[in-house]
Amino acid sequence: MAGFDRDRVEEMLAADAYAASLGVQLVAVSPDEIEVALDVGESHLNFLGVGHGGMVFSLADCAFSLGSNSAGDRAVAIDAHLVLTGGTKAGDRLTAVVTEATRGRTLGTYRVTVSRDDGRVVGLFTGTVHITAASR
């Protein structure tokens with residue numbers, strides 16, 4: 001792995017209207033990890049009054065997308081899986097940290113851990129992308 005590119009990550013996140021609508025913020029970029037966060041609000045809750053699983057998935061998917069596309073070549077998801085391991089509520093701050101598990105010429109696999117601000121892991125996400133030429 002060549003490492004995640006902060007400038008490219010910032011550019012991609014700024015162009016992501018869906019992530020902006022959720023309130024996703026870039027926290028940190030290092031050669032090995034990208035961290036994004038979101039503050040859980042009333043609009044992120046389901047009919048039970050707890051954080052919607054789709055919100056957790058979307059935060060993890062955003063981190064996954066940034067990580068897999070940071071190298072420059074277009075990477076599109078072909079598989080994604082989320083295990084929900086804890087609940088969330090309004091007022092929680094969630095962080096999603098993505099790391100690259102493997103990356104070849106045409107396939108890459110990434111892992112994302114989503115945690116609450118108290119340190120509790122609430123989601124474990126694994127995603128695989130198909131990598132195409134940057135010009136496509």
# chains A, B, ... in the order shown; residues from 1 in each chain; ligands from 1
>>> residues_around(residues="A:Gly72", least_positions_apart="4", cutoff="12 Å", atoms="only C-alpha atoms", output="list of chain:residue names")
A:Ala2, A:Gly3, A:Phe4, A:Asp5, A:Arg6, A:Asp7, A:Arg8, A:Val9, A:Glu11, A:Met12, A:Ser65, A:Leu66, A:Gly67, A:Ser68, A:Ile131, A:Thr132, A:Ala133, A:Ala134, A:Ser135, A:Arg136
>>> write_last_selection(atoms="N, CA and C atoms", output="PDB file, in the first residue's frame")
ATOM      1  N   ALA A   2       0.525   2.205  -0.840  1.00  0.00           N
ATOM      2  CA  ALA A   2       1.276   3.452  -0.938  1.00  0.00           C
ATOM      3  C   ALA A   2       0.884   4.443   0.148  1.00  0.00           C
ATOM      4  N   GLY A   3      -0.219   4.238   0.829  1.00  0.00           N
ATOM      5  CA  GLY A   3      -0.687   5.150   1.871  1.00  0.00           C
ATOM      6  C   GLY A   3      -1.835   6.012   1.378  1.00  0.00           C
ATOM      7  N   PHE A   4      -2.662   6.438   2.308  1.00  0.00           N
ATOM      8  CA  PHE A   4      -3.800   7.278   1.975  1.00  0.00           C
ATOM      9  C   PHE A   4      -3.335   8.712   1.737  1.00  0.00           C
ATOM     10  N   ASP A   5      -3.932   9.382   0.773  1.00  0.00           N
ATOM     11  CA  ASP A   5      -3.563  10.739   0.358  1.00  0.00           C
ATOM     12  C   ASP A   5      -4.566  11.738   0.938  1.00  0.00           C
ATOM     13  N   ARG A   6      -4.130  12.550   1.914  1.00  0.00           N
ATOM     14  CA  ARG A   6      -5.045  13.471   2.606  1.00  0.00           C
ATOM     15  C   ARG A   6      -5.714  14.462   1.656  1.00  0.00           C
ATOM     16  N   ASP A   7      -4.942  15.044   0.735  1.00  0.00           N
ATOM     17  CA  ASP A   7      -5.526  16.020  -0.194  1.00  0.00           C
ATOM     18  C   ASP A   7      -6.638  15.383  -1.020  1.00  0.00           C
ATOM     19  N   ARG A   8      -6.384  14.194  -1.522  1.00  0.00           N
ATOM     20  CA  ARG A   8      -7.402  13.504  -2.325  1.00  0.00           C
ATOM     21  C   ARG A   8      -8.624  13.150  -1.475  1.00  0.00           C
ATOM     22  N   VAL A   9      -8.398  12.693  -0.250  1.00  0.00           N
ATOM     23  CA  VAL A   9      -9.504  12.344   0.647  1.00  0.00           C
ATOM     24  C   VAL A   9     -10.359  13.583   0.933  1.00  0.00           C
ATOM     25  N   GLU A  11     -10.705  16.234  -0.916  1.00  0.00           N
ATOM     26  CA  GLU A  11     -11.398  16.579  -2.160  1.00  0.00           C
ATOM     27  C   GLU A  11     -12.606  15.675  -2.392  1.00  0.00           C
ATOM     28  N   MET A  12     -12.427  14.384  -2.190  1.00  0.00           N
ATOM     29  CA  MET A  12     -13.533  13.444  -2.401  1.00  0.00           C
ATOM     30  C   MET A  12     -14.667  13.688  -1.413  1.00  0.00           C
ATOM     31  N   SER A  65     -15.374   4.057   1.039  1.00  0.00           N
ATOM     32  CA  SER A  65     -15.257   4.703  -0.263  1.00  0.00           C
ATOM     33  C   SER A  65     -14.034   5.612  -0.338  1.00  0.00           C
ATOM     34  N   LEU A  66     -13.816   6.388   0.709  1.00  0.00           N
ATOM     35  CA  LEU A  66     -12.650   7.279   0.737  1.00  0.00           C
ATOM     36  C   LEU A  66     -11.352   6.467   0.718  1.00  0.00           C
ATOM     37  N   GLY A  67     -11.319   5.407   1.505  1.00  0.00           N
ATOM     38  CA  GLY A  67     -10.111   4.577   1.553  1.00  0.00           C
ATOM     39  C   GLY A  67      -9.822   3.882   0.240  1.00  0.00           C
ATOM     40  N   SER A  68     -10.846   3.319  -0.361  1.00  0.00           N
ATOM     41  CA  SER A  68     -10.625   2.541  -1.582  1.00  0.00           C
ATOM     42  C   SER A  68     -10.346   3.416  -2.798  1.00  0.00           C
ATOM     43  N   ILE A 131     -11.513  -2.482  -8.913  1.00  0.00           N
ATOM     44  CA  ILE A 131     -10.686  -1.338  -9.268  1.00  0.00           C
ATOM     45  C   ILE A 131     -10.582  -1.251 -10.791  1.00  0.00           C
ATOM     46  N   THR A 132     -10.856  -0.057 -11.322  1.00  0.00           N
ATOM     47  CA  THR A 132     -10.767   0.181 -12.753  1.00  0.00           C
ATOM     48  C   THR A 132      -9.775   1.309 -13.005  1.00  0.00           C
ATOM     49  N   ALA A 133      -9.466   1.566 -14.258  1.00  0.00           N
ATOM     50  CA  ALA A 133      -8.552   2.652 -14.595  1.00  0.00           C
ATOM     51  C   ALA A 133      -9.125   3.979 -14.146  1.00  0.00           C
ATOM     52  N   ALA A 134      -8.264   4.901 -13.719  1.00  0.00           N
ATOM     53  CA  ALA A 134      -8.677   6.203 -13.190  1.00  0.00           C
ATOM     54  C   ALA A 134      -9.478   7.008 -14.200  1.00  0.00           C
ATOM     55  N   SER A 135      -9.250   6.827 -15.463  1.00  0.00           N
ATOM     56  CA  SER A 135      -9.898   7.632 -16.492  1.00  0.00           C
ATOM     57  C   SER A 135     -11.337   7.220 -16.786  1.00  0.00           C
ATOM     58  N   ARG A 136     -11.790   6.110 -16.265  1.00  0.00           N
ATOM     59  CA  ARG A 136     -13.146   5.628 -16.563  1.00  0.00           C
ATOM     60  C   ARG A 136     -14.186   6.325 -15.739  1.00  0.00           C
TER      61      ARG A 136
END
>>> atom_distance(atom1="atom CA of A:Gly23", atom2="atom CA of A:Leu107")
29.3 Å
>>> closest_residue(among="A:Glu100, A:Tyr18, A:Leu82, A:Ala71", to="A:Asp32", atoms="only C-alpha atoms")
A:Glu100
>>> closest_residue(among="A:Ala77, A:Val83, A:Ala14, A:Val36", to="A:Ala96", atoms="only C-alpha atoms")
A:Val36
>>> residues_around(residues="A:Met55", least_positions_apart="6", cutoff="9 Å", atoms="only C-alpha atoms", output="PDB file with N, CA and C atoms, in the first residue's frame")
ATOM      1  N   LEU A  22     -25.481  13.819   5.841  1.00  0.00           N
ATOM      2  CA  LEU A  22     -25.447  13.064   7.092  1.00  0.00           C
ATOM      3  C   LEU A  22     -24.665  13.794   8.183  1.00  0.00           C
ATOM      4  N   VAL A  40     -24.516  11.956  16.101  1.00  0.00           N
ATOM      5  CA  VAL A  40     -25.848  11.388  15.927  1.00  0.00           C
ATOM      6  C   VAL A  40     -26.891  12.401  16.400  1.00  0.00           C
ATOM      7  N   HIS A  44     -31.076  10.995  12.604  1.00  0.00           N
ATOM      8  CA  HIS A  44     -30.382   9.718  12.416  1.00  0.00           C
ATOM      9  C   HIS A  44     -31.061   8.577  13.159  1.00  0.00           C
ATOM     10  N   LEU A  45     -32.168   8.853  13.848  1.00  0.00           N
ATOM     11  CA  LEU A  45     -32.823   7.842  14.670  1.00  0.00           C
ATOM     12  C   LEU A  45     -33.922   7.122  13.892  1.00  0.00           C
TER      13      LEU A  45
END
>>> residues_around(residues="A:Ile34", least_positions_apart="4", cutoff="6 Å", atoms="only C-alpha atoms", output="ChimeraX atom specification")
/A:28-29,97-98
>>> residues_around(residues="A:Asp117", least_positions_apart="5", cutoff="12 Å", atoms="only C-alpha atoms", output="list in words")
Ala37, Leu38, Asp39, Val40, Thr88, Lys89, Gly91, Asp92, Arg93, Leu94, Thr95, Ala96 and Val122 of chain A
>>> select_by_dssp(residues="chain A", states="alpha helix (DSSP H)", output="ChimeraX atom specification")
/A:6-14,17-22,53-69
>>> write_last_selection(atoms="C-alpha atoms", output="PDB file, in the first residue's frame")
ATOM      1  CA  ARG A   6      -5.045  13.471   2.606  1.00  0.00           C
ATOM      2  CA  ASP A   7      -5.526  16.020  -0.194  1.00  0.00           C
ATOM      3  CA  ARG A   8      -7.402  13.504  -2.325  1.00  0.00           C
ATOM      4  CA  VAL A   9      -9.504  12.344   0.647  1.00  0.00           C
ATOM      5  CA  GLU A  10     -10.464  15.954   1.492  1.00  0.00           C
ATOM      6  CA  GLU A  11     -11.398  16.579  -2.160  1.00  0.00           C
ATOM      7  CA  MET A  12     -13.533  13.444  -2.401  1.00  0.00           C
ATOM      8  CA  LEU A  13     -15.367  14.102   0.853  1.00  0.00           C
ATOM      9  CA  ALA A  14     -16.058  17.727  -0.135  1.00  0.00           C
ATOM     10  CA  ALA A  17     -23.354  15.462  -1.081  1.00  0.00           C
ATOM     11  CA  TYR A  18     -24.768  12.397   0.697  1.00  0.00           C
ATOM     12  CA  ALA A  19     -21.970  12.389   3.294  1.00  0.00           C
ATOM     13  CA  ALA A  20     -22.528  16.126   3.815  1.00  0.00           C
ATOM     14  CA  SER A  21     -26.270  15.557   4.338  1.00  0.00           C
ATOM     15  CA  LEU A  22     -25.447  13.064   7.092  1.00  0.00           C
ATOM     16  CA  GLY A  53     -28.515   0.850  11.328  1.00  0.00           C
ATOM     17  CA  GLY A  54     -28.495   2.489   7.898  1.00  0.00           C
ATOM     18  CA  MET A  55     -26.783   5.539   9.404  1.00  0.00           C
ATOM     19  CA  VAL A  56     -24.032   3.354  10.870  1.00  0.00           C
ATOM     20  CA  PHE A  57     -23.695   1.566   7.530  1.00  0.00           C
ATOM     21  CA  SER A  58     -23.546   4.877   5.651  1.00  0.00           C
ATOM     22  CA  LEU A  59     -20.790   6.232   7.910  1.00  0.00           C
ATOM     23  CA  ALA A  60     -18.766   3.032   7.448  1.00  0.00           C
ATOM     24  CA  ASP A  61     -19.451   3.040   3.705  1.00  0.00           C
ATOM     25  CA  CYS A  62     -18.230   6.622   3.443  1.00  0.00           C
ATOM     26  CA  ALA A  63     -14.928   5.678   5.126  1.00  0.00           C
ATOM     27  CA  PHE A  64     -14.693   2.608   2.856  1.00  0.00           C
ATOM     28  CA  SER A  65     -15.257   4.703  -0.263  1.00  0.00           C
ATOM     29  CA  LEU A  66     -12.650   7.279   0.737  1.00  0.00           C
ATOM     30  CA  GLY A  67     -10.111   4.577   1.553  1.00  0.00           C
ATOM     31  CA  SER A  68     -10.625   2.541  -1.582  1.00  0.00           C
ATOM     32  CA  ASN A  69     -10.553   5.564  -3.916  1.00  0.00           C
TER      33      ASN A  69
END
>>> atom_distance(atom1="atom CA of A:Val112", atom2="atom CA of A:Thr128")
11.5 Å
>>> closest_residue(among="A:Ala90, A:Arg120, A:Thr99, A:Tyr110", to="A:Val50", atoms="only C-alpha atoms")
A:Ala90
>>> atom_distance(atom1="atom CA of A:Thr126", atom2="atom CA of A:Thr109")
7.2 Å
